[in-house]
>>> print(open('structure-v2.cif').read())   # mmCIF, C-alpha atoms
data_structure
loop_
_atom_site.group_PDB
_atom_site.id
_atom_site.type_symbol
_atom_site.label_atom_id
_atom_site.label_comp_id
_atom_site.auth_asym_id
_atom_site.auth_seq_id
_atom_site.Cartn_x
_atom_site.Cartn_y
_atom_site.Cartn_z
ATOM 1 C CA MET O 1 13.612 -50.893 25.101
ATOM 2 C CA LEU O 2 12.196 -49.949 21.720
ATOM 3 C CA SER O 3 9.547 -47.714 23.290
ATOM 4 C CA LYS O 4 12.247 -45.946 25.326
ATOM 5 C CA HIS O 5 14.221 -45.183 22.137
ATOM 6 C CA PHE O 6 11.045 -44.114 20.376
ATOM 7 C CA SER O 7 10.212 -41.756 23.264
ATOM 8 C CA VAL O 8 13.674 -40.209 23.094
ATOM 9 C CA PHE O 9 13.367 -39.886 19.305
ATOM 10 C CA LEU O 10 9.923 -38.302 19.632
ATOM 11 C CA PHE O 11 11.252 -35.870 22.253
ATOM 12 C CA PHE O 12 14.020 -34.717 19.893
ATOM 13 C CA ILE O 13 11.601 -34.324 16.974
ATOM 14 C CA VAL O 14 9.175 -32.260 19.081
ATOM 15 C CA THR O 15 12.023 -30.188 20.516
ATOM 16 C CA ALA O 16 13.479 -29.525 17.063
ATOM 17 C CA PHE O 17 10.058 -28.580 15.681
ATOM 18 C CA SER O 18 9.198 -26.292 18.568
ATOM 19 C CA SER O 19 12.606 -24.641 18.324
ATOM 20 C CA SER O 20 11.988 -23.791 14.698
ATOM 21 C CA VAL O 21 8.584 -22.389 15.610
ATOM 22 C CA ARG O 22 10.147 -20.233 18.333
ATOM 23 C CA ALA O 23 12.836 -18.917 15.998
ATOM 24 C CA ASP O 24 13.551 -15.209 15.968
ATOM 25 C CA GLY O 25 11.452 -14.698 12.862
ATOM 26 C CA PHE O 26 12.103 -13.538 9.346
ATOM 27 C CA CYS O 27 12.681 -9.809 9.902
ATOM 28 C CA THR O 28 15.638 -8.055 11.435
ATOM 29 C CA GLU O 29 15.365 -4.853 13.442
ATOM 30 C CA ALA O 30 17.113 -3.090 10.549
ATOM 31 C CA GLU O 31 14.449 -4.294 8.097
ATOM 32 C CA LEU O 32 11.628 -3.204 10.401
ATOM 33 C CA ASP O 33 13.351 0.152 10.858
ATOM 34 C CA ALA O 34 13.650 0.579 7.082
ATOM 35 C CA LEU O 35 9.898 -0.036 6.800
ATOM 36 C CA GLY O 36 9.040 2.250 9.705
ATOM 37 C CA PHE O 37 7.676 -0.704 11.680
ATOM 38 C CA LYS O 38 10.367 -0.791 14.379
ATOM 39 C CA LEU O 39 8.695 -0.439 17.757
ATOM 40 C CA ALA O 40 10.864 2.431 18.998
ATOM 41 C CA PRO O 41 11.931 5.133 18.716
ATOM 42 C CA VAL O 42 9.042 6.707 16.814
ATOM 43 C CA THR O 43 10.216 9.769 14.898
ATOM 44 C CA ASP O 44 8.850 11.921 12.098
ATOM 45 C CA GLU O 45 11.159 10.029 9.726
ATOM 46 C CA SER O 46 10.043 6.584 10.943
ATOM 47 C CA LEU O 47 6.403 7.650 10.537
ATOM 48 C CA ARG O 48 7.190 8.818 6.980
ATOM 49 C CA ARG O 49 8.601 5.356 6.234
ATOM 50 C CA LEU O 50 5.615 3.700 7.945
ATOM 51 C CA CYS O 51 3.280 5.775 5.797
ATOM 52 C CA ALA O 52 5.089 4.841 2.580
ATOM 53 C CA SER O 53 5.253 1.172 3.601
ATOM 54 C CA THR O 54 1.606 0.856 4.588
ATOM 55 C CA ASN O 55 0.561 2.605 1.376
ATOM 56 C CA ALA O 56 2.680 0.214 -0.708
ATOM 57 C CA ILE O 57 1.398 -2.867 1.116
ATOM 58 C CA ARG O 58 -2.222 -1.665 0.914
ATOM 59 C CA LYS O 59 -1.902 -0.972 -2.826
ATOM 60 C CA VAL O 60 -0.464 -4.424 -3.548
ATOM 61 C CA MET O 61 -3.018 -6.237 -1.415
ATOM 62 C CA LYS O 62 -5.967 -4.320 -2.897
ATOM 63 C CA SER O 63 -4.830 -5.066 -6.441
ATOM 64 C CA ASN O 64 -4.337 -8.761 -5.602
ATOM 65 C CA ILE O 65 -7.420 -9.339 -3.480
ATOM 66 C CA ALA O 66 -7.962 -12.891 -4.766
ATOM 67 C CA LYS O 67 -4.404 -14.022 -3.981
ATOM 68 C CA THR O 68 -5.012 -15.339 -0.477
ATOM 69 C CA GLY O 69 -3.225 -18.700 -0.630
ATOM 70 C CA ASP O 70 0.184 -19.647 0.713
ATOM 71 C CA SER O 71 1.344 -20.219 -2.863
ATOM 72 C CA HIS O 72 0.851 -16.507 -3.609
ATOM 73 C CA ARG O 73 2.990 -15.230 -0.743
ATOM 74 C CA THR O 74 6.324 -14.936 -2.592
ATOM 75 C CA TYR O 75 4.603 -13.238 -5.527
ATOM 76 C CA LEU O 76 2.964 -10.725 -3.175
ATOM 77 C CA ALA O 77 6.228 -10.120 -1.297
ATOM 78 C CA ASN O 78 8.004 -9.375 -4.584
ATOM 79 C CA ARG O 79 5.207 -6.983 -5.592
ATOM 80 C CA ILE O 80 5.460 -5.277 -2.191
ATOM 81 C CA ALA O 81 9.243 -4.978 -2.652
ATOM 82 C CA ALA O 82 8.726 -3.321 -6.045
ATOM 83 C CA ALA O 83 6.120 -0.918 -4.634
ATOM 84 C CA LEU O 84 8.419 -0.052 -1.733
ATOM 85 C CA THR O 85 11.300 0.633 -4.123
ATOM 86 C CA LYS O 86 9.057 3.042 -6.061
ATOM 87 C CA ALA O 87 8.372 4.776 -2.738
ATOM 88 C CA ASN O 88 12.139 4.972 -2.033
ATOM 89 C CA ILE O 89 11.918 2.412 0.777
ATOM 90 C CA THR O 90 14.671 -0.204 0.625
ATOM 91 C CA GLY O 91 16.327 -2.566 3.040
ATOM 92 C CA ALA O 92 13.704 -5.265 3.572
ATOM 93 C CA GLY O 93 14.158 -8.670 1.992
ATOM 94 C CA VAL O 94 11.542 -10.971 0.522
ATOM 95 C CA PRO O 95 11.526 -13.355 3.536
ATOM 96 C CA CYS O 96 10.556 -10.441 5.791
ATOM 97 C CA LEU O 97 8.071 -9.021 3.298
ATOM 98 C CA LYS O 98 6.361 -12.417 3.111
ATOM 99 C CA CYS O 99 5.253 -11.781 6.715
ATOM 100 C CA PHE O 100 3.583 -8.551 5.621
ATOM 101 C CA ALA O 101 1.975 -10.344 2.667
ATOM 102 C CA ALA O 102 0.706 -13.079 5.001
ATOM 103 C CA SER O 103 -0.711 -10.455 7.349
ATOM 104 C CA GLY O 104 -2.478 -8.748 4.451
ATOM 105 C CA GLN O 105 -3.875 -12.094 3.348
ATOM 106 C CA CYS O 106 -5.083 -12.758 6.885
ATOM 107 C CA VAL O 107 -6.916 -9.434 6.950
ATOM 108 C CA LEU O 108 -8.499 -10.169 3.564
ATOM 109 C CA LEU O 109 -9.640 -13.608 4.694
ATOM 110 C CA ASN O 110 -10.796 -12.779 8.215
ATOM 111 C CA CYS O 111 -11.443 -9.056 8.541
ATOM 112 C CA LYS O 112 -12.462 -7.724 5.134
ATOM 113 C CA ALA O 113 -15.953 -6.665 6.275
ATOM 114 C CA GLN O 114 -14.663 -4.964 9.424
ATOM 115 C CA CYS O 115 -11.843 -3.167 7.616
ATOM 116 C CA LEU O 116 -13.461 -2.311 4.280
ATOM 117 C CA THR O 117 -14.472 1.258 5.076
ATOM 118 C CA ASP O 118 -11.960 2.135 7.804
ATOM 119 C CA GLU O 119 -8.814 0.128 8.439
ATOM 120 C CA TYR O 120 -8.320 1.966 11.727
ATOM 121 C CA SER O 121 -11.835 1.402 13.097
ATOM 122 C CA LYS O 122 -12.228 -0.346 16.446
ATOM 123 C CA ALA O 123 -13.918 -3.315 14.747
ATOM 124 C CA CYS O 124 -11.082 -3.683 12.237
ATOM 125 C CA VAL O 125 -8.339 -3.359 14.848
ATOM 126 C CA ARG O 126 -10.123 -5.847 17.123
ATOM 127 C CA CYS O 127 -10.484 -8.357 14.265
ATOM 128 C CA ILE O 128 -6.822 -8.017 13.284
ATOM 129 C CA ASP O 129 -5.767 -8.428 16.917
ATOM 130 C CA GLU O 130 -7.913 -11.549 17.219
ATOM 131 C CA HIS O 131 -7.061 -13.253 13.927
ATOM 132 C CA CYS O 132 -3.811 -11.878 12.501
ATOM 133 C CA HIS O 133 -1.576 -10.075 14.986
ATOM 134 C CA GLY O 134 -0.144 -13.126 16.765
ATOM 135 C CA LYS O 135 0.774 -14.828 13.487
ATOM 136 C CA PHE O 136 2.377 -11.631 12.218
ATOM 137 C CA VAL O 137 4.501 -11.189 15.356
ATOM 138 C CA ALA O 138 5.556 -14.850 15.198
ATOM 139 C CA CYS O 139 6.537 -14.475 11.536
ATOM 140 C CA VAL O 140 8.354 -11.164 11.986
ATOM 141 C CA GLY O 141 9.978 -12.327 15.204
ATOM 142 C CA MET O 142 9.173 -9.352 17.443
ATOM 143 C CA GLU O 143 6.509 -6.807 18.267
ATOM 144 C CA THR O 144 6.250 -3.941 15.808
ATOM 145 C CA ILE O 145 4.647 -0.546 15.773
ATOM 146 C CA ASN O 146 0.875 -0.709 15.364
ATOM 147 C CA PRO O 147 -0.160 1.572 12.495
ATOM 148 C CA ALA O 148 -3.554 2.086 14.169
ATOM 149 C CA ASP O 149 -1.767 3.845 17.038
ATOM 150 C CA HIS O 150 -0.692 6.496 14.514
ATOM 151 C CA LYS O 151 -3.898 6.688 12.482
ATOM 152 C CA ASP O 152 -4.010 10.488 12.699
ATOM 153 C CA VAL O 153 -0.687 10.758 10.879
ATOM 154 C CA LEU O 154 -1.256 7.824 8.530
ATOM 155 C CA SER O 155 -4.754 8.875 7.463
ATOM 156 C CA LYS O 156 -3.237 12.113 6.109
ATOM 157 C CA CYS O 157 -0.693 10.313 3.969
ATOM 158 C CA LYS O 158 -2.851 7.661 2.283
ATOM 159 C CA ALA O 159 -2.045 7.278 -1.375
#
>>> encode(input="structure-v2.cif", output="structure tokens")
Amino acid sequence: MLSKHFSVFLFFIVTAFSSSVRADGFCTEAELDALGFKLAPVTDESLRRLCASTNAIRKVMKSNIAKTGDSHRTYLANRIAAALTKANITGAGVPCLKCFAASGQCVLLNCKAQCLTDEYSKACVRCIDEHCHGKFVACVGMETINPADHKDVLSKCKA
């Protein structure tokens, strides 16, 4: 009898945990749109926002290269928010921006060598896909635009 109750209890714990893992994520479509990361539609204006956002995120991550731990994520998200505000990009909250900070940390930890000279190189993109993309999508809650797909536009707007 006790093992039956324990099994039921364990089932509910696992179900509750897996439900929280499968949650919609920390970013809304509106936040992703504000950042230029919404999957579609891609417009000149959304690419302008994507350019400003990727520049802000890159700047923060490069100036905080040693901050790769979970404990640094809120700090990095707040720095990203400040950099975005300077670039006239608003509308994304810290919980969402923590996903972008985590993705930047993942790249620093796993793909620094591949991405050091060209963040849009095949080796860099492959490394990010292998080590970071799935975690980013799970955190954000949906697929986003891939900046590498727009490298021609983004390489012209690097800060």
>>> resolve_selection(input="structure-v2.cif", expression="the PyMOL selection byres ((chain O and resi 39) around 8)", output="MDAnalysis selection string")
chainID O and resid 37:38 40:42 143:145
>>> closest_atom_pairs(input="structure-v2.cif", of="segment 69-122 of chain O", to="segment 136-141 of chain O", cutoff="12 Å", atoms="only C-alpha atoms", output="tab-separated table")
residue	atom	partner	partner_atom	distance
O:Ala92	CA	O:Val140	CA	11.6
O:Gly93	CA	O:Val140	CA	11.8
O:Val94	CA	O:Val140	CA	11.9
O:Pro95	CA	O:Val140	CA	9.3
O:Cys96	CA	O:Val140	CA	6.6
O:Leu97	CA	O:Val140	CA	9.0
O:Lys98	CA	O:Cys139	CA	8.7
O:Cys99	CA	O:Cys139	CA	5.7
O:Phe100	CA	O:Phe136	CA	7.4
O:Ala101	CA	O:Phe136	CA	9.6
O:Ala102	CA	O:Phe136	CA	7.5
O:Ser103	CA	O:Phe136	CA	5.9
O:Gly104	CA	O:Phe136	CA	9.6
O:Gln105	CA	O:Phe136	CA	10.9
O:Cys106	CA	O:Phe136	CA	9.2
O:Val107	CA	O:Phe136	CA	10.9
>>> closest_residue(input="structure-v2.cif", among="O:Ala81, O:Cys115, O:Leu76, O:Leu35", to="Thr54 of chain O", atoms="all atoms listed in the file")
O:Leu35
>>> atom_distance(input="structure-v2.cif", atom1="atom CA of Leu84 of chain O", atom2="atom CA of Thr117 of chain O")
23.9 Å
>>> closest_residue(input="structure-v2.cif", among="O:Leu108, O:Ile65, O:Leu50, O:Ala87", to="Cys132 of chain O", atoms="all atoms listed in the file")
O:Leu108
>>> atom_distance(input="structure-v2.cif", atom1="atom CA of Arg126 of chain O", atom2="atom CA of Ala148 of chain O")
10.7 Å
>>> closest_residue(input="structure-v2.cif", among="O:His72, O:Lys112, O:His150, O:His131", to="Asp44 of chain O", atoms="only C-alpha atoms")
O:His150
>>> closest_residue(input="structure-v2.cif", among="O:Met61, O:Cys111, O:Ala66, O:Leu154", to="His133 of chain O", atoms="all atoms listed in the file")
O:Cys111
>>> closest_residue(input="structure-v2.cif", among="O:Ala113, O:Ala83, O:Val125, O:Leu32", to="Ser46 of chain O", atoms="all atoms listed in the file")
O:Leu32
>>> atom_distance(input="structure-v2.cif", atom1="atom CA of Cys27 of chain O", atom2="atom CA of Ala77 of chain O")
12.9 Å
>>> axis_aligned_box(input="structure-v2.cif", around="segment 40-48 of chain O", padding_each_side="4 Å", output="AutoDock Vina command-line options")
--center_x 9.2 --center_y 7.2 --center_z 13.0 --size_x 13.5 --size_y 17.5 --size_z 20.0
>>> closest_residue(input="structure-v2.cif", among="O:Asp152, O:Asp70, O:Ile89, O:Lys122", to="Ala34 of chain O", atoms="all atoms listed in the file")
O:Ile89
>>> residues_around(input="structure-v2.cif", residues="Arg58 of chain O", least_positions_apart="2", cutoff="10 Å", atoms="all atoms listed in the file", output="VMD selection string")
chain O and resid 52 to 56 60 to 64 80 101 104 158 to 159
>>> decode(input="structure-v2.cif", residues="segment 15-120 of chain O", atoms="C-alpha atoms", output="compact mmCIF listing (two decimals), in the first residue's frame")
# COMPACT_ATOMS: atom_id res chain seq x y z
CA THR O 15 4.64 15.46 -13.84
CA ALA O 16 4.85 18.79 -12.02
CA PHE O 17 8.58 19.07 -12.72
CA SER O 18 8.26 18.19 -16.38
CA SER O 19 5.39 20.64 -16.76
CA SER O 20 7.55 23.44 -15.45
CA VAL O 21 10.31 22.43 -17.84
CA ARG O 22 7.87 22.47 -20.76
CA ALA O 23 6.52 25.89 -19.82
CA ASP O 24 6.12 28.48 -22.54
CA GLY O 25 9.37 30.17 -21.60
CA PHE O 26 10.36 33.56 -20.30
CA CYS O 27 9.82 35.71 -23.41
CA THR O 28 6.60 36.84 -25.01
CA GLU O 29 6.18 37.34 -28.74
CA ALA O 30 5.95 41.08 -28.04
CA GLU O 31 9.33 41.04 -26.26
CA LEU O 32 10.96 39.09 -29.09
CA ASP O 33 9.41 41.50 -31.59
CA ALA O 34 10.78 44.48 -29.66
CA LEU O 35 14.25 42.91 -29.85
CA GLY O 36 13.92 42.01 -33.53
CA PHE O 37 14.12 38.30 -32.68
CA LYS O 38 10.54 37.38 -33.58
CA LEU O 39 10.62 34.65 -36.20
CA ALA O 40 8.30 36.38 -38.68
CA PRO O 41 7.63 38.65 -40.38
CA VAL O 42 11.14 39.87 -41.15
CA THR O 43 11.09 43.53 -42.16
CA ASP O 44 13.65 46.30 -42.51
CA GLU O 45 12.46 47.61 -39.13
CA SER O 46 12.74 44.22 -37.41
CA LEU O 47 16.26 43.82 -38.82
CA ARG O 48 17.15 47.29 -37.48
CA ARG O 49 15.98 46.17 -34.02
CA LEU O 50 17.85 42.86 -34.40
CA CYS O 51 21.00 44.77 -35.29
CA ALA O 52 20.68 47.08 -32.28
CA SER O 53 19.88 44.15 -29.97
CA THR O 54 22.73 41.93 -31.12
CA ASN O 55 25.15 44.85 -30.85
CA ALA O 56 23.99 45.58 -27.29
CA ILE O 57 24.17 41.93 -26.24
CA ARG O 58 27.60 41.48 -27.87
CA LYS O 59 28.95 44.61 -26.16
CA VAL O 60 27.76 43.49 -22.72
CA MET O 61 29.04 39.95 -23.12
CA LYS O 62 32.45 41.08 -24.42
CA SER O 63 32.89 43.48 -21.51
CA ASN O 64 31.87 40.78 -19.01
CA ILE O 65 33.70 37.82 -20.49
CA ALA O 66 34.53 36.30 -17.09
CA LYS O 67 30.92 36.37 -15.86
CA THR O 68 29.88 32.90 -17.01
CA GLY O 69 28.14 31.58 -13.90
CA ASP O 70 24.43 31.32 -13.18
CA SER O 71 24.88 33.86 -10.39
CA HIS O 72 25.87 36.50 -12.96
CA ARG O 73 22.79 36.11 -15.15
CA THR O 74 20.59 38.80 -13.55
CA TYR O 75 23.50 41.25 -13.55
CA LEU O 76 24.12 40.58 -17.25
CA ALA O 77 20.41 40.87 -18.08
CA ASN O 78 20.26 44.25 -16.35
CA ARG O 79 23.36 45.41 -18.26
CA ILE O 80 21.78 44.21 -21.52
CA ALA O 81 18.59 46.11 -20.63
CA ALA O 82 20.60 49.30 -20.06
CA ALA O 83 22.49 48.85 -23.34
CA LEU O 84 19.23 48.24 -25.20
CA THR O 85 17.70 51.38 -23.69
CA LYS O 86 20.70 53.39 -24.94
CA ALA O 87 20.00 51.92 -28.39
CA ASN O 88 16.31 52.95 -28.11
CA ILE O 89 15.15 49.33 -27.80
CA THR O 90 12.58 48.83 -25.05
CA GLY O 91 9.91 46.30 -24.24
CA ALA O 92 11.88 43.29 -23.03
CA GLY O 93 11.94 42.42 -19.35
CA VAL O 94 14.79 41.04 -17.29
CA PRO O 95 13.37 37.47 -17.19
CA CYS O 96 13.46 37.37 -21.00
CA LEU O 97 16.85 39.06 -21.21
CA LYS O 98 18.27 36.44 -18.83
CA CYS O 99 17.77 33.94 -21.68
CA PHE O 100 19.93 36.09 -23.94
CA ALA O 101 22.54 36.42 -21.18
CA ALA O 102 22.52 32.64 -20.69
CA SER O 103 22.95 32.13 -24.43
CA GLY O 104 25.89 34.54 -24.47
CA GLN O 105 27.42 32.70 -21.52
CA CYS O 106 26.95 29.40 -23.34
CA VAL O 107 28.78 30.75 -26.38
CA LEU O 108 31.61 32.04 -24.19
CA LEU O 109 31.95 28.70 -22.42
CA ASN O 110 31.54 26.36 -25.38
CA CYS O 111 32.20 28.21 -28.62
CA LYS O 112 34.66 31.02 -27.91
CA ALA O 113 37.38 29.60 -30.18
CA GLN O 114 34.98 28.96 -33.06
CA CYS O 115 33.31 32.37 -32.77
CA LEU O 116 36.25 34.61 -31.86
CA THR O 117 37.04 35.90 -35.33
CA ASP O 118 33.66 35.49 -37.05
CA GLU O 119 30.43 34.97 -35.14
CA TYR O 120 28.69 34.02 -38.38
